[in-house]
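> Structure below; questions to follow.
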Amino acid sequence: MFRSLRGLFSSDLAIDLGTANTLIFVRDKGIVLNEPSVVAIRHDPGPRNNRTILAIGNAAKQMLGRTPGNVQAIRPMKDGVIADFTVTGEMLKYFIRRVHENRLFQPSPRIVVCVPCGSTQVERRAIRESAMSAGAREVYLIEEPMAAAIGADLPIVEPTGSMVLDIGGGTTEVGVISLGGIVYAHSLRMAGDKMDEAVINYVRRTYGLLIGEATAERVKREIGAAWHQSEVRHMQIKGRHIADGVPRSQEIDSREIHGALSECLSAIVAAIKTALEQTPPELGADIAEKGIVVTGGGALLRDIDRMLAAETGLPIIITEDPLTCVVRGCGRALQEAETLGDVFLHE
Amino acid sequence: MSEPSKGRALGAGPGQKLHEARMQARLSAEQVAETLNLSIQQIAALEENDFARLPGPTYVRGYLRNYAQLLGLQPEEIIESYASVNGTYPATRPSTLTPEREVTTRDGAVRFATFLVVGILILLAVVWWQGRSSRSVPTESAIQMQEQSTDAKASVEQTQTPPAPAISAESADVAASQSSPPEVSERPVPDVSTEPPVADVLPQDSTLTSSQPAAARDTAQLILHTRDTSWADVRDASGNKLLYMLVPAGRRITLSGVPPFTVFVGNPEGVGVEFNGKYLDAAQFKRGLVARFTLGATASAGN
């Protein structure tokens with residue numbers, strides 16, 4: 001009863017609980033929070049093994065790989081789903097409190113959270129419970145391809161097929177949507193994180209240099225390219241040499257990174273091809289005419305549109321502001337539930 | 001080679017610019033269509049600004065961006081010129097990406113609001129307090145008036161009864177057994193009416209005894225002490241009500257009349273009775289919740 005009362009003083013939220021970043025959209029306001037999904041935890045010495053949260057978000061991300069023994073910077077989401085239930089709940093609670101305006105009452109909002117389409121019932125339940133433990137009054141789940149399509153302003157309620165590709169941090173989602181429903185969807189656990197890993201492995205194998213996740217991400221962002229004909233760029237990286245054990249610096253170029261990323265990229269292309277094969281012919285024709293819409297952080301990889309266009313033979317459209325596309329879609333689903341119809345997941 | 005030249009520039013938009021850039025780059029519409037995986041009709045629609053023939057704004061922006069990149073133009077400029085014609089996207093753009101500033105108690109507005117609320121509360125409390133004190137004065141006087149009137153009535157009753165004959169002190173108990181008519185109030189009637197009733201309750205026995213005339217020596221005095229609020233009903237030998245009221249705690253009431261007195265006390269634990277210089281606790285007569293006893297009949301006989 002008190003929750004519903006407190007709900008009068010809370011605005012509805014849409015949350016993109018991503019592997020890499022968490023974004024929050026407040027109804028009638030827009031996106032108010034965009035922070036990395038990272039939590040730094042300090043283990044207090046003592047018999048009870050107390051854990052206290054040191055930092056969340058940007059501050060915690062800077063600690064990744066730079067922590068002393070008693071501090072642990074962790075990413076509670078892995079492969080698009082919850083890896084550490086309690087820490088995710090704490091992180092959500094912190095974020096919700098930060099965007100909550102009314103200081104007098106505790107927040108008790110209605111929340112829309114997006115989940116990967118391939119997630120199991122247990123994983124969905126975990127996300128729902130986690131949002132509830134963060135103080136939500138009601139939790140609605142929406143599948144990521146649907147949220148991405150709504151966010152990209154595709155004609156989802158019309159009888160025409162639209163294909164959306166969302167390359168996130170933990171998962172890559174391919175979905176074909178028509179008449180407000182998902183016709184085909186596939187989730188691939190091969191996305192930004194796997195690309196970083198591929199860069200780390202490549203640098204270690206080729207130059208015997210150990211680099212961290214943060215450096216690998218920087219390399220991918222600055223010189224990473226998806227297309228073999230992309231302009232070549234160079235970059236200096238620093239890491240620990242395996243044989244000497246001392247820090248060394250090394251210059252690498254974008255062709256090498258393209259080679260390192262090719263395995264991930266070909267998996268994504270294969271997923272798109274499978275989706276096109278599985279799509280009914282009428283919808284396939286619509287998609288062939290209009291093209292594939294690409295969202296998510298992966299869409300920012302240099303020349304990924306050219307590579308996908310060359311591989312699939314279809315027009316590739318990168319949405320405006322691909323990082324926030326999914327959360328904007330969640331927010332619109334929340335605001336326009338009447339016009340969009342029932343786009344939420346029911347278990 | 002079918003050039004999409006006819007009916008060009010249907011409206012304002014980036015089409016003209018794209019067409020000129022394509023001509024400069026010496027590319028045919030077919031080549032562009034093949035590179036962008038679009039149909040020649042779609043390229044023509046883009047160059048003629050005929051966006052109704054294209055799927056939707058999201059797709060059109062994507063096509064324009066790809067086309068501009070291919071021709072070496074600035075994609076942002078092309079998309080801006082499209083948005084100026086078909087400005088749907090900026091409207092749905094999210095408001096801000098930076099988190100809103102947190103409001104703390106140190107903020108001026110919050111402080112002002114706090115002081116305002118506290119001030120209003122204090123003001124209300126003062127108004128209430130003043131209203132309460134100004135109202136309490138008339139109510140107290142009203143009670144006094146009431147008490148005075150009852151007291152006066154009682155004394156009038158007493159004066160209306162025929163005066164008792166002067167009986168010697170030795171025959172006091174005899175007179176009591178004969179249930180002689182009640183004794184006239186020691187005090188003159190006008191005196192009682194002017195005197196506040198509080199004086200009746202206050203210890204005045206000394207003045208009473210001193211002012212007592214010798215003729216009224218057969219009357220006896222009963223002093224009621226209350227430690228706690230209690231109902232008290234005291235009647236003299238002829239059944240006149242000497243006291244018939246709820247007595248507040250901490251009072252000492254002196255009553256005089258012809259014994260025996262019939263006493264009824266509602267809260268025996270809180271009442272003590274002094275009769276003939278002897279102190280009795282009403283609790284010893286307690287039966288049930290109340291006590292009912294007679295004093296002065298023969299010594300002090302509990303009823």
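To be explicit about the labels: the chains of the structure tokens are called A, B, and onward in the order shown, and within each one the residues are counted from 1, while ligands get numbers from 1 in the order they are shown.
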Can you list, as a PyMOL selection string, every residue of region 134-195 of chain A that DSSP puts in strand (DSSP E)?

chain A and resi 138-143+162-167+172-178+181-188

> Applying 9 Å and only C-alpha atoms, which residues near Gly239 (chain A) remain after dropping the ones on its own chain fewer than 4 positions away? List them as a PyMOL selection string.

chain A and resi 209-212+215+246-250

> Selection from above, C-alpha atoms, as a PDB file, in the first residue's frame, can you write it?


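Written output follows (out.pdb):
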```pdb
ATOM      1  CA  LEU A 209      52.544  -7.572 -24.426  1.00  0.00           C
ATOM      2  CA  LEU A 210      49.865  -7.722 -21.733  1.00  0.00           C
ATOM      3  CA  ILE A 211      47.306  -4.935 -21.846  1.00  0.00           C
ATOM      4  CA  GLY A 212      44.206  -4.359 -19.755  1.00  0.00           C
ATOM      5  CA  THR A 215      43.464  -0.076 -23.010  1.00  0.00           C
ATOM      6  CA  VAL A 246      58.652  -4.578 -17.573  1.00  0.00           C
ATOM      7  CA  PRO A 247      56.351  -2.091 -19.296  1.00  0.00           C
ATOM      8  CA  ARG A 248      56.989  -1.625 -23.001  1.00  0.00           C
ATOM      9  CA  SER A 249      55.400   0.501 -25.650  1.00  0.00           C
ATOM     10  CA  GLN A 250      54.415  -0.721 -29.081  1.00  0.00           C
TER      11      GLN A 250
END
```

> Can you check which parts of chain A lie within 6 Å of chain B? Per residue, the shortest pair of atoms and distance in Å to one decimal, counting only C-alpha atoms, sorted by chain and number, as a tab-separated table.


```
residue	atom	partner	partner_atom	distance
A:Gly30	CA	B:Pro94	CA	4.8
A:Ile31	CA	B:Leu97	CA	5.6
A:Val32	CA	B:Pro99	CA	4.6
A:Leu33	CA	B:Pro99	CA	5.0
A:Gly313	CA	B:Asn37	CA	5.9
A:Leu314	CA	B:Asn37	CA	5.3
A:Pro315	CA	B:Asn37	CA	5.1
A:Ile317	CA	B:Gly62	CA	4.5
```

> Region 69-79 of chain B: which residues within 8 Å, counting only C-alpha atoms, same-chain residues fewer than 6 positions away excluded, as a VMD selection string?

chain B and resid 14 18 21 to 22 25 61

> Taking only C-alpha atoms into account, name the residue in A:Ser187, A:Gln72, A:Gln121, A:Thr88 that is nearest to Pro145 (chain A).

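Result for the nearest residue to Pro145 (chain A): A:Ser187.
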
> Hey, which of B:Leu46, B:Val258, B:Val271, B:Leu27 ends up closest to Ile223 (chain B)? Count only C-alpha atoms.

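For Ile223 (chain B), the nearest of the given residues is B:Val271.
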
> Which residue is closest to Gly257 (chain B)? Choose from B:Leu243, B:Leu280, B:Ala52, B:Val290 and count only C-alpha atoms.

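Smallest distance to Gly257 (chain B) is found for B:Leu243.
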
> Mind pulling up the distance from CA of Arg328 (chain A) to CA of His346 (chain A)?

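We find that CA of His346 (chain A) and CA of Arg328 (chain A) lie 20.9 Å from each other.
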
> Hey, what's within 7 Å of Trp227 (chain A) if we count only C-alpha atoms and toss same-chain stuff fewer than 4 positions away? As a VMD selection string, please?

chain A and resid 303 to 304 306 to 307

> With a distance cut-off of 10 Å and only C-alpha atoms, select the neighbouring residues of Gln62 (chain A), excluding the residue or stretch itself and same-chain residues fewer than 2 positions from it, and output the selection as a PyMOL selection string.

chain A and resi 36+38+40+55+57-60+64-67+73+214

> If you count only C-alpha atoms, which residues fall within 8 Å of Met195 (chain A), apart from same-chain ones fewer than 6 positions away, as an MDAnalysis selection string?

chainID A and resid 220 260:261 264
